[in-house]
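Undergrad: Sharing protein_25.cif, mmCIF, C-alpha atoms and all ligand atoms:
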```cif
data_upload
loop_
_atom_site.label_atom_id
_atom_site.label_comp_id
_atom_site.auth_asym_id
_atom_site.auth_seq_id
_atom_site.Cartn_x
_atom_site.Cartn_y
_atom_site.Cartn_z
CA GLY L 181 130.50 128.72 69.36
CA LYS L 182 133.06 127.13 71.62
CA ARG L 183 136.36 125.60 70.62
CA VAL L 184 137.21 122.01 71.44
CA LYS L 185 140.17 122.51 73.75
CA GLY L 186 143.32 120.48 73.41
CA VAL L 187 142.26 118.92 70.12
CA GLN L 188 144.20 118.99 66.88
CA ILE L 189 142.81 117.46 63.72
CA PHE L 190 144.95 116.74 60.65
CA ARG L 191 143.60 116.19 57.16
CA PRO L 192 146.06 115.07 54.46
CA PHE L 193 145.90 116.38 50.91
CA ILE L 194 148.06 116.67 47.79
CA TYR L 195 148.70 119.68 45.60
CA GLY L 196 150.84 120.12 42.54
CA THR L 197 151.08 119.85 38.79
CA THR L 198 151.18 117.19 36.11
CA ALA L 199 152.52 118.22 32.67
CA ARG L 200 152.93 116.46 29.34
CA PRO L 201 154.70 117.56 26.16
CA PHE L 202 152.56 117.68 23.05
CA ASP L 203 153.24 114.68 20.85
CA GLU L 204 151.41 113.54 17.73
CA LYS L 205 150.89 110.05 19.10
CA THR L 206 150.64 110.32 22.87
CA ASN L 207 149.36 113.85 23.46
CA PRO L 208 148.17 115.56 20.27
CA LYS L 209 147.74 119.33 20.36
CA PRO L 210 144.04 120.23 20.35
CA PRO L 211 142.84 122.57 17.61
CA GLY L 212 143.15 126.26 18.44
CA VAL L 213 146.13 125.89 20.76
CA PRO L 214 148.79 128.50 19.84
CA ASP L 215 151.87 127.31 17.89
CA ASP L 216 154.33 128.21 20.63
CA HIS L 217 152.60 126.07 23.26
CA THR L 218 154.65 122.95 23.95
CA HIS L 219 152.83 121.32 26.88
CA SER L 220 149.48 120.59 28.44
CA TRP L 221 149.34 120.71 32.22
CA THR L 222 147.04 120.50 35.20
CA VAL L 223 147.34 122.11 38.63
CA PHE L 224 145.28 120.58 41.42
CA VAL L 225 144.45 120.26 45.11
CA LYS L 226 142.92 116.93 46.10
CA GLY L 227 142.53 114.26 48.72
CA ILE L 228 144.80 111.22 48.93
CA ASP L 229 143.47 108.61 46.47
CA ASP L 230 140.82 111.20 45.51
CA VAL L 231 139.07 110.94 48.87
CA ASP L 232 136.60 113.83 49.33
CA ILE L 233 137.98 116.97 51.02
CA THR L 234 135.12 119.38 50.25
CA TYR L 235 133.69 118.94 53.75
CA TRP L 236 136.60 121.09 55.00
CA LEU L 237 137.82 122.87 51.84
CA ARG L 238 135.17 125.02 50.15
CA ARG L 239 136.97 126.61 47.19
CA VAL L 240 140.43 127.10 45.77
CA GLN L 241 141.79 130.08 43.89
CA PHE L 242 144.60 129.46 41.41
CA LYS L 243 146.63 132.47 40.33
CA LEU L 244 148.45 131.60 37.11
CA HIS L 245 151.03 133.57 35.11
CA GLU L 246 149.71 136.90 33.83
CA SER L 247 150.44 135.82 30.24
CA ILE L 248 147.54 133.39 30.51
CA PRO L 249 144.06 134.70 29.69
CA ASN L 250 141.85 135.04 32.76
CA HIS L 251 144.80 134.13 34.97
CA VAL L 252 142.98 134.23 38.33
CA ARG L 253 140.61 131.26 38.57
CA MET L 254 138.30 130.31 41.40
CA VAL L 255 137.27 126.66 41.61
CA GLU L 256 134.29 125.65 43.75
CA GLY L 257 134.39 122.30 45.51
CA GLU L 258 132.51 119.39 43.97
CA LYS L 259 132.19 116.40 46.21
CA GLY L 260 134.90 113.81 45.63
CA LYS L 261 136.47 115.71 42.74
CA PRO L 262 139.87 117.42 42.68
CA PHE L 263 140.04 121.20 42.61
CA SER L 264 141.86 121.62 39.32
CA ILE L 265 142.68 123.77 36.30
CA SER L 266 144.00 122.44 33.01
CA GLU L 267 145.91 124.66 30.58
CA THR L 268 148.42 124.64 27.78
CA GLY L 269 151.59 126.73 27.54
CA TRP L 270 155.32 126.94 26.97
CA GLY L 271 156.86 128.13 30.21
CA GLU L 272 157.27 127.31 33.88
CA PHE L 273 156.20 129.73 36.60
CA GLU L 274 155.04 129.91 40.18
CA ILE L 275 151.35 129.28 40.85
CA THR L 276 149.71 130.86 43.88
CA ILE L 277 147.12 128.55 45.41
CA ARG L 278 144.72 130.02 47.93
CA LEU L 279 142.66 127.66 50.08
CA TYR L 280 139.23 128.82 51.32
CA TYR L 281 137.76 126.68 54.07
CA VAL L 282 134.12 125.90 54.84
CA PRO L 283 132.45 128.72 56.82
CA GLU L 284 131.87 126.51 59.89
CA SER L 285 135.64 126.41 60.37
CA SER L 286 136.06 130.19 60.76
CA GLU L 287 139.55 129.62 59.35
CA LYS L 288 141.18 132.38 57.32
CA PRO L 289 142.24 131.52 53.78
CA GLN L 290 145.73 130.10 53.45
CA THR L 291 148.22 130.55 50.62
CA LEU L 292 150.47 127.89 49.08
CA TYR L 293 153.02 128.32 46.32
CA HIS L 294 153.79 125.74 43.69
CA HIS L 295 156.27 125.84 40.82
CA LEU L 296 154.76 124.49 37.61
CA ARG L 297 157.28 122.02 36.19
CA LEU L 298 157.27 121.16 32.50
CA HIS L 299 160.80 119.82 32.15
CA PRO L 300 162.53 116.84 33.74
CA TYR L 301 165.85 118.57 34.58
CA GLY L 302 167.25 117.86 38.00
CA ARG L 303 165.64 114.43 38.11
CA THR L 304 167.50 111.17 38.56
CA GLU L 305 167.94 108.77 35.62
CA GLU L 306 165.42 106.45 37.26
CA GLU L 307 162.85 109.24 37.54
CA LYS L 308 163.48 110.23 33.91
CA GLU L 309 162.95 106.63 32.81
CA THR L 310 159.61 106.56 34.66
CA MET L 311 158.65 109.79 32.90
CA ARG L 312 159.58 108.34 29.49
CA LEU L 313 157.42 105.31 30.21
CA ASN L 314 154.54 107.65 31.07
CA GLY L 315 154.70 109.60 27.80
CA GLY L 316 157.05 112.24 29.18
CA GLU L 317 154.75 113.12 32.05
CA VAL L 318 156.39 115.52 34.50
CA VAL L 319 154.84 115.13 37.91
CA SER L 320 155.47 117.61 40.72
CA TRP L 321 153.29 116.84 43.71
CA THR L 322 153.49 117.83 47.35
CA TYR L 323 151.94 115.98 50.26
CA GLU L 324 150.61 118.29 52.96
CA GLU L 325 148.64 117.96 56.16
CA GLN L 326 146.10 120.61 57.02
CA LEU L 327 146.05 121.24 60.75
CA PHE L 328 142.87 122.40 62.46
CA ASN L 329 143.88 123.49 65.94
CA GLU L 330 141.11 123.54 68.58
CA PRO L 331 138.30 123.59 65.99
CA TYR L 332 134.90 125.08 66.83
CA GLU L 333 132.44 122.47 68.05
CA ALA L 334 130.24 122.61 64.94
CA PHE L 335 133.29 122.22 62.72
CA TYR L 336 134.66 119.43 64.92
CA ASP L 337 131.40 117.56 64.33
CA ILE L 338 131.79 118.01 60.56
CA LEU L 339 135.40 116.87 60.64
CA THR L 340 134.69 113.76 62.66
CA SER L 341 131.33 112.62 61.26
CA GLY L 342 132.80 111.37 57.93
C1 LIG V 1 159.34 133.57 32.02
N1 LIG V 1 158.89 132.17 33.90
O1 LIG V 1 159.19 134.69 32.54
C2 LIG V 1 158.56 132.43 32.55
C3 LIG V 1 157.13 132.76 32.35
C4 LIG V 1 155.09 132.03 31.31
C5 LIG V 1 154.44 130.91 30.68
C6 LIG V 1 156.42 131.62 31.80
C7 LIG V 1 151.68 131.29 28.26
C8 LIG V 1 150.50 130.52 27.98
C9 LIG V 1 149.47 131.30 27.19
C10 LIG V 1 152.71 130.56 29.08
O2 LIG V 1 153.00 129.39 29.00
N2 LIG V 1 153.35 131.36 29.91
O3 LIG V 1 149.90 132.10 26.34
O4 LIG V 1 148.30 131.04 27.37
O5 LIG V 1 160.09 133.36 31.09
#
```
Would you kindly transcribe this structure into structure tokens?
Ligand code: SLL

TA:
Amino acid sequence: GKRVKGVQIFRPFIYGTTARPFDEKTNPKPPGVPDDHTHSWTVFVKGIDDVDITYWLRRVQFKLHESIPNHVRMVEGEKGKPFSISETGWGEFEITIRLYYVPESSEKPQTLYHHLRLHPYGRTEEEKETMRLNGGEVVSWTYEEQLFNEPYEAFYDILTSG
């Protein structure tokens, strides 16, 4: 196929983690979770306001800490749903997020890195207050824009026919 010359298309998305401490009232520990686990958390890649992104993003691989069973996880896109993994644990670490695009794009996979945050250190008092109001939720999200530079014609049609 041919590329559409001089065209750049941006698609916004968010990636990151949301963590919560276990708490009898607000976030009880599910049965079977090991004693030393202190938090539940989710890592995700998704569209802004959960808008669908599976027309350009096919699958996402999350590489978690090696202490976690089955630590390399591949998540297939489901229309309108975030790519996400939910886990429990006790420690922070860096998550490797690998984006695999739809085949029409002919784009190579791209790697992102995200630090799982469980603790509110380094936050302002205002941010900590917001966390307290949300049951101790620790949010660490990054806004990103995916650039498709001179996309192939077939992919351009997919990107612009939404
Ligand atoms: C450290 N940066 O080296 C940390 C590693 C690892 C966290 C943190 C285990 C979960 C599970 C878990 O939370 N690992 O056992 O499933 O000190």

Undergrad: Report as an mmCIF file with C-alpha atoms, in the coordinates of the input which protein, DNA and RNA residues come within 7 Å of ligand LIG 1 (chain V), using all atoms listed in the file.

TA:
```cif
data_model
loop_
_atom_site.group_PDB
_atom_site.id
_atom_site.type_symbol
_atom_site.label_atom_id
_atom_site.label_comp_id
_atom_site.auth_asym_id
_atom_site.auth_seq_id
_atom_site.Cartn_x
_atom_site.Cartn_y
_atom_site.Cartn_z
ATOM 1 C CA HIS L 217 152.600 126.070 23.260
ATOM 2 C CA HIS L 245 151.030 133.570 35.110
ATOM 3 C CA SER L 247 150.440 135.820 30.240
ATOM 4 C CA ILE L 248 147.540 133.390 30.510
ATOM 5 C CA PRO L 249 144.060 134.700 29.690
ATOM 6 C CA THR L 268 148.420 124.640 27.780
ATOM 7 C CA GLY L 269 151.590 126.730 27.540
ATOM 8 C CA TRP L 270 155.320 126.940 26.970
ATOM 9 C CA GLY L 271 156.860 128.130 30.210
ATOM 10 C CA GLU L 272 157.270 127.310 33.880
ATOM 11 C CA PHE L 273 156.200 129.730 36.600
#
```

Undergrad: Could you name the residues that touch L:Ser285 at 7 Å or less, counting all atoms listed in the file, but leaving out those on the same chain fewer than 4 positions away, as a ChimeraX atom specification?

TA: /L:281,331-332,335

Undergrad: Quick one, how far is atom CA of L:Arg253 from atom CA of L:Thr222?

TA: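 Interatomic distance here is 13.0 Å.
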
Undergrad: Skipping near chain neighbours, those fewer than 3 positions away, what residues fall within 8 Å of stretch 193-209 of chain L using all atoms listed in the file, listed as JSON, numbers by chain?

TA: {"L": [213, 218, 219, 220, 221, 222, 223, 224, 225, 226, 227, 228, 233, 294, 296, 297, 298, 315, 316, 317, 318, 319, 320, 321, 322, 323, 324, 325, 326]}

Undergrad: Go ahead and write the residues just picked, C-alpha atoms, as a PDB file, in the frame of the given file.

TA:
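Below is the file part.pdb, written as the result:
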```
ATOM      1  CA  VAL L 213     146.130 125.890  20.760  1.00  0.00           C
ATOM      2  CA  THR L 218     154.650 122.950  23.950  1.00  0.00           C
ATOM      3  CA  HIS L 219     152.830 121.320  26.880  1.00  0.00           C
ATOM      4  CA  SER L 220     149.480 120.590  28.440  1.00  0.00           C
ATOM      5  CA  TRP L 221     149.340 120.710  32.220  1.00  0.00           C
ATOM      6  CA  THR L 222     147.040 120.500  35.200  1.00  0.00           C
ATOM      7  CA  VAL L 223     147.340 122.110  38.630  1.00  0.00           C
ATOM      8  CA  PHE L 224     145.280 120.580  41.420  1.00  0.00           C
ATOM      9  CA  VAL L 225     144.450 120.260  45.110  1.00  0.00           C
ATOM     10  CA  LYS L 226     142.920 116.930  46.100  1.00  0.00           C
ATOM     11  CA  GLY L 227     142.530 114.260  48.720  1.00  0.00           C
ATOM     12  CA  ILE L 228     144.800 111.220  48.930  1.00  0.00           C
ATOM     13  CA  ILE L 233     137.980 116.970  51.020  1.00  0.00           C
ATOM     14  CA  HIS L 294     153.790 125.740  43.690  1.00  0.00           C
ATOM     15  CA  LEU L 296     154.760 124.490  37.610  1.00  0.00           C
ATOM     16  CA  ARG L 297     157.280 122.020  36.190  1.00  0.00           C
ATOM     17  CA  LEU L 298     157.270 121.160  32.500  1.00  0.00           C
ATOM     18  CA  GLY L 315     154.700 109.600  27.800  1.00  0.00           C
ATOM     19  CA  GLY L 316     157.050 112.240  29.180  1.00  0.00           C
ATOM     20  CA  GLU L 317     154.750 113.120  32.050  1.00  0.00           C
ATOM     21  CA  VAL L 318     156.390 115.520  34.500  1.00  0.00           C
ATOM     22  CA  VAL L 319     154.840 115.130  37.910  1.00  0.00           C
ATOM     23  CA  SER L 320     155.470 117.610  40.720  1.00  0.00           C
ATOM     24  CA  TRP L 321     153.290 116.840  43.710  1.00  0.00           C
ATOM     25  CA  THR L 322     153.490 117.830  47.350  1.00  0.00           C
ATOM     26  CA  TYR L 323     151.940 115.980  50.260  1.00  0.00           C
ATOM     27  CA  GLU L 324     150.610 118.290  52.960  1.00  0.00           C
ATOM     28  CA  GLU L 325     148.640 117.960  56.160  1.00  0.00           C
ATOM     29  CA  GLN L 326     146.100 120.610  57.020  1.00  0.00           C
TER      30      GLN L 326
END
```

Undergrad: What gap, in Å, lies between atom CA of L:Ile338 and atom CA of L:Lys288?

TA: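 Between these atoms lies a distance of 17.5 Å.
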
Undergrad: Can you work out which one of L:Asp232, L:Asp337, L:Asp215, L:Glu306 has the shortest atom-to-atom distance to L:Pro262, counting all atoms listed in the file?

TA: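 Looking only at the distances to L:Pro262, the closest residue turns out to be L:Asp232.
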
Undergrad: Within 9 Å of (136.3, 124.7, 69.9), only C-alpha atoms: residues as a list of chain:residue names?

TA: L:Gly181, L:Lys182, L:Arg183, L:Val184, L:Lys185, L:Gly186, L:Val187, L:Asn329, L:Glu330, L:Pro331, L:Tyr332, L:Glu333, L:Ala334, L:Phe335, L:Tyr336

Undergrad: Just give me the gap between atom CA of L:Gly260 and atom CA of L:Arg238 in Å, one decimal is fine.

TA: 12.1 Å

Undergrad: Which is closest to L:Glu246 among L:Thr276, L:Gln188, L:Thr340, L:Thr304, if we use all atoms listed in the file?

TA: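 Ranking L:Thr276, L:Gln188, L:Thr340, L:Thr304 by distance to L:Glu246, first place goes to L:Thr276.
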
Undergrad: Please determine an axis-aligned box that encloses all atoms of stretch 223-226 of chain L listed in the file, with 6 Å added on each side, and express its centre and edge lengths in Å to one decimal as lines of an AutoDock Vina configuration file.

TA:
```
center_x = 145.1
center_y = 119.5
center_z = 42.4
size_x = 16.4
size_y = 17.2
size_z = 19.5
```

Undergrad: Nearest to L:Asp230: which of L:Ser266, L:Thr310, L:Lys261, L:Pro211 is it, counting all atoms listed in the file?

TA: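 Closest to L:Asp230, using all atoms listed in the file: L:Lys261.
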
Undergrad: Check the smallest atom-to-atom distance from each of L:Ser264, L:Glu274, L:Val252, L:Lys259 to L:Val231 using all atoms listed in the file, then report the winner.

TA: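 Closest to L:Val231, using all atoms listed in the file: L:Lys259.
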
Undergrad: Identify which of the residues L:Leu339, L:Ile275, L:Glu267, L:Leu313 lies closest to L:Leu237, counting all atoms listed in the file when measuring atom-to-atom distances.

TA: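 Among the listed residues, L:Leu339 lies closest to L:Leu237.
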
Undergrad: Reconstruct N, CA, C and O atoms of stretch 279-298 of chain L; output as a PDB file, keeping the file's coordinate frame.

TA:
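Wrote rebuild_22.pdb, looks like this:
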```
ATOM      1  N   LEU L 279     143.661 128.591  49.564  1.00  0.00           N
ATOM      2  CA  LEU L 279     142.660 127.660  50.080  1.00  0.00           C
ATOM      3  C   LEU L 279     141.614 128.417  50.900  1.00  0.00           C
ATOM      4  O   LEU L 279     141.975 129.160  51.816  1.00  0.00           O
ATOM      5  N   TYR L 280     140.340 128.221  50.571  1.00  0.00           N
ATOM      6  CA  TYR L 280     139.230 128.820  51.320  1.00  0.00           C
ATOM      7  C   TYR L 280     138.447 127.689  51.988  1.00  0.00           C
ATOM      8  O   TYR L 280     137.956 126.786  51.306  1.00  0.00           O
ATOM      9  N   TYR L 281     138.344 127.771  53.298  1.00  0.00           N
ATOM     10  CA  TYR L 281     137.760 126.680  54.070  1.00  0.00           C
ATOM     11  C   TYR L 281     136.245 126.849  54.196  1.00  0.00           C
ATOM     12  O   TYR L 281     135.705 127.925  53.926  1.00  0.00           O
ATOM     13  N   VAL L 282     135.566 125.807  54.641  1.00  0.00           N
ATOM     14  CA  VAL L 282     134.120 125.900  54.840  1.00  0.00           C
ATOM     15  C   VAL L 282     133.836 126.925  55.940  1.00  0.00           C
ATOM     16  O   VAL L 282     134.648 127.101  56.857  1.00  0.00           O
ATOM     17  N   PRO L 283     132.704 127.637  55.859  1.00  0.00           N
ATOM     18  CA  PRO L 283     132.450 128.720  56.820  1.00  0.00           C
ATOM     19  C   PRO L 283     132.393 128.253  58.274  1.00  0.00           C
ATOM     20  O   PRO L 283     132.789 129.016  59.168  1.00  0.00           O
ATOM     21  N   GLU L 284     131.947 127.033  58.513  1.00  0.00           N
ATOM     22  CA  GLU L 284     131.870 126.510  59.890  1.00  0.00           C
ATOM     23  C   GLU L 284     133.227 126.509  60.587  1.00  0.00           C
ATOM     24  O   GLU L 284     133.305 126.495  61.818  1.00  0.00           O
ATOM     25  N   SER L 285     134.290 126.501  59.785  1.00  0.00           N
ATOM     26  CA  SER L 285     135.640 126.410  60.370  1.00  0.00           C
ATOM     27  C   SER L 285     136.103 127.738  60.946  1.00  0.00           C
ATOM     28  O   SER L 285     136.970 127.756  61.823  1.00  0.00           O
ATOM     29  N   SER L 286     135.574 128.849  60.429  1.00  0.00           N
ATOM     30  CA  SER L 286     136.060 130.190  60.760  1.00  0.00           C
ATOM     31  C   SER L 286     137.554 130.356  60.522  1.00  0.00           C
ATOM     32  O   SER L 286     138.186 131.228  61.120  1.00  0.00           O
ATOM     33  N   GLU L 287     138.122 129.510  59.670  1.00  0.00           N
ATOM     34  CA  GLU L 287     139.550 129.620  59.350  1.00  0.00           C
ATOM     35  C   GLU L 287     139.756 130.666  58.253  1.00  0.00           C
ATOM     36  O   GLU L 287     138.980 130.739  57.315  1.00  0.00           O
ATOM     37  N   LYS L 288     140.816 131.427  58.383  1.00  0.00           N
ATOM     38  CA  LYS L 288     141.180 132.380  57.320  1.00  0.00           C
ATOM     39  C   LYS L 288     141.768 131.620  56.146  1.00  0.00           C
ATOM     40  O   LYS L 288     142.369 130.557  56.317  1.00  0.00           O
ATOM     41  N   PRO L 289     141.623 132.175  54.931  1.00  0.00           N
ATOM     42  CA  PRO L 289     142.240 131.520  53.780  1.00  0.00           C
ATOM     43  C   PRO L 289     143.748 131.388  53.971  1.00  0.00           C
ATOM     44  O   PRO L 289     144.374 132.209  54.647  1.00  0.00           O
ATOM     45  N   GLN L 290     144.302 130.344  53.369  1.00  0.00           N
ATOM     46  CA  GLN L 290     145.730 130.100  53.450  1.00  0.00           C
ATOM     47  C   GLN L 290     146.340 130.014  52.053  1.00  0.00           C
ATOM     48  O   GLN L 290     145.696 129.516  51.130  1.00  0.00           O
ATOM     49  N   THR L 291     147.571 130.509  51.930  1.00  0.00           N
ATOM     50  CA  THR L 291     148.220 130.550  50.620  1.00  0.00           C
ATOM     51  C   THR L 291     149.352 129.534  50.521  1.00  0.00           C
ATOM     52  O   THR L 291     150.159 129.410  51.431  1.00  0.00           O
ATOM     53  N   LEU L 292     149.377 128.821  49.400  1.00  0.00           N
ATOM     54  CA  LEU L 292     150.470 127.890  49.080  1.00  0.00           C
ATOM     55  C   LEU L 292     151.092 128.350  47.768  1.00  0.00           C
ATOM     56  O   LEU L 292     150.426 128.973  46.951  1.00  0.00           O
ATOM     57  N   TYR L 293     152.352 128.000  47.580  1.00  0.00           N
ATOM     58  CA  TYR L 293     153.020 128.320  46.320  1.00  0.00           C
ATOM     59  C   TYR L 293     153.518 127.039  45.696  1.00  0.00           C
ATOM     60  O   TYR L 293     154.043 126.165  46.382  1.00  0.00           O
ATOM     61  N   HIS L 294     153.314 126.941  44.382  1.00  0.00           N
ATOM     62  CA  HIS L 294     153.790 125.740  43.690  1.00  0.00           C
ATOM     63  C   HIS L 294     154.413 126.133  42.357  1.00  0.00           C
ATOM     64  O   HIS L 294     153.836 126.887  41.589  1.00  0.00           O
ATOM     65  N   HIS L 295     155.598 125.572  42.092  1.00  0.00           N
ATOM     66  CA  HIS L 295     156.270 125.840  40.820  1.00  0.00           C
ATOM     67  C   HIS L 295     155.801 124.836  39.776  1.00  0.00           C
ATOM     68  O   HIS L 295     155.987 123.628  39.945  1.00  0.00           O
ATOM     69  N   LEU L 296     155.172 125.360  38.717  1.00  0.00           N
ATOM     70  CA  LEU L 296     154.760 124.490  37.610  1.00  0.00           C
ATOM     71  C   LEU L 296     156.015 123.944  36.934  1.00  0.00           C
ATOM     72  O   LEU L 296     156.869 124.715  36.494  1.00  0.00           O
ATOM     73  N   ARG L 297     156.126 122.637  36.854  1.00  0.00           N
ATOM     74  CA  ARG L 297     157.280 122.020  36.190  1.00  0.00           C
ATOM     75  C   ARG L 297     156.858 121.360  34.902  1.00  0.00           C
ATOM     76  O   ARG L 297     155.954 120.522  34.879  1.00  0.00           O
ATOM     77  N   LEU L 298     157.523 121.753  33.808  1.00  0.00           N
ATOM     78  CA  LEU L 298     157.270 121.160  32.500  1.00  0.00           C
ATOM     79  C   LEU L 298     158.404 120.241  32.075  1.00  0.00           C
ATOM     80  O   LEU L 298     158.219 119.366  31.243  1.00  0.00           O
TER      81      LEU L 298
END
```
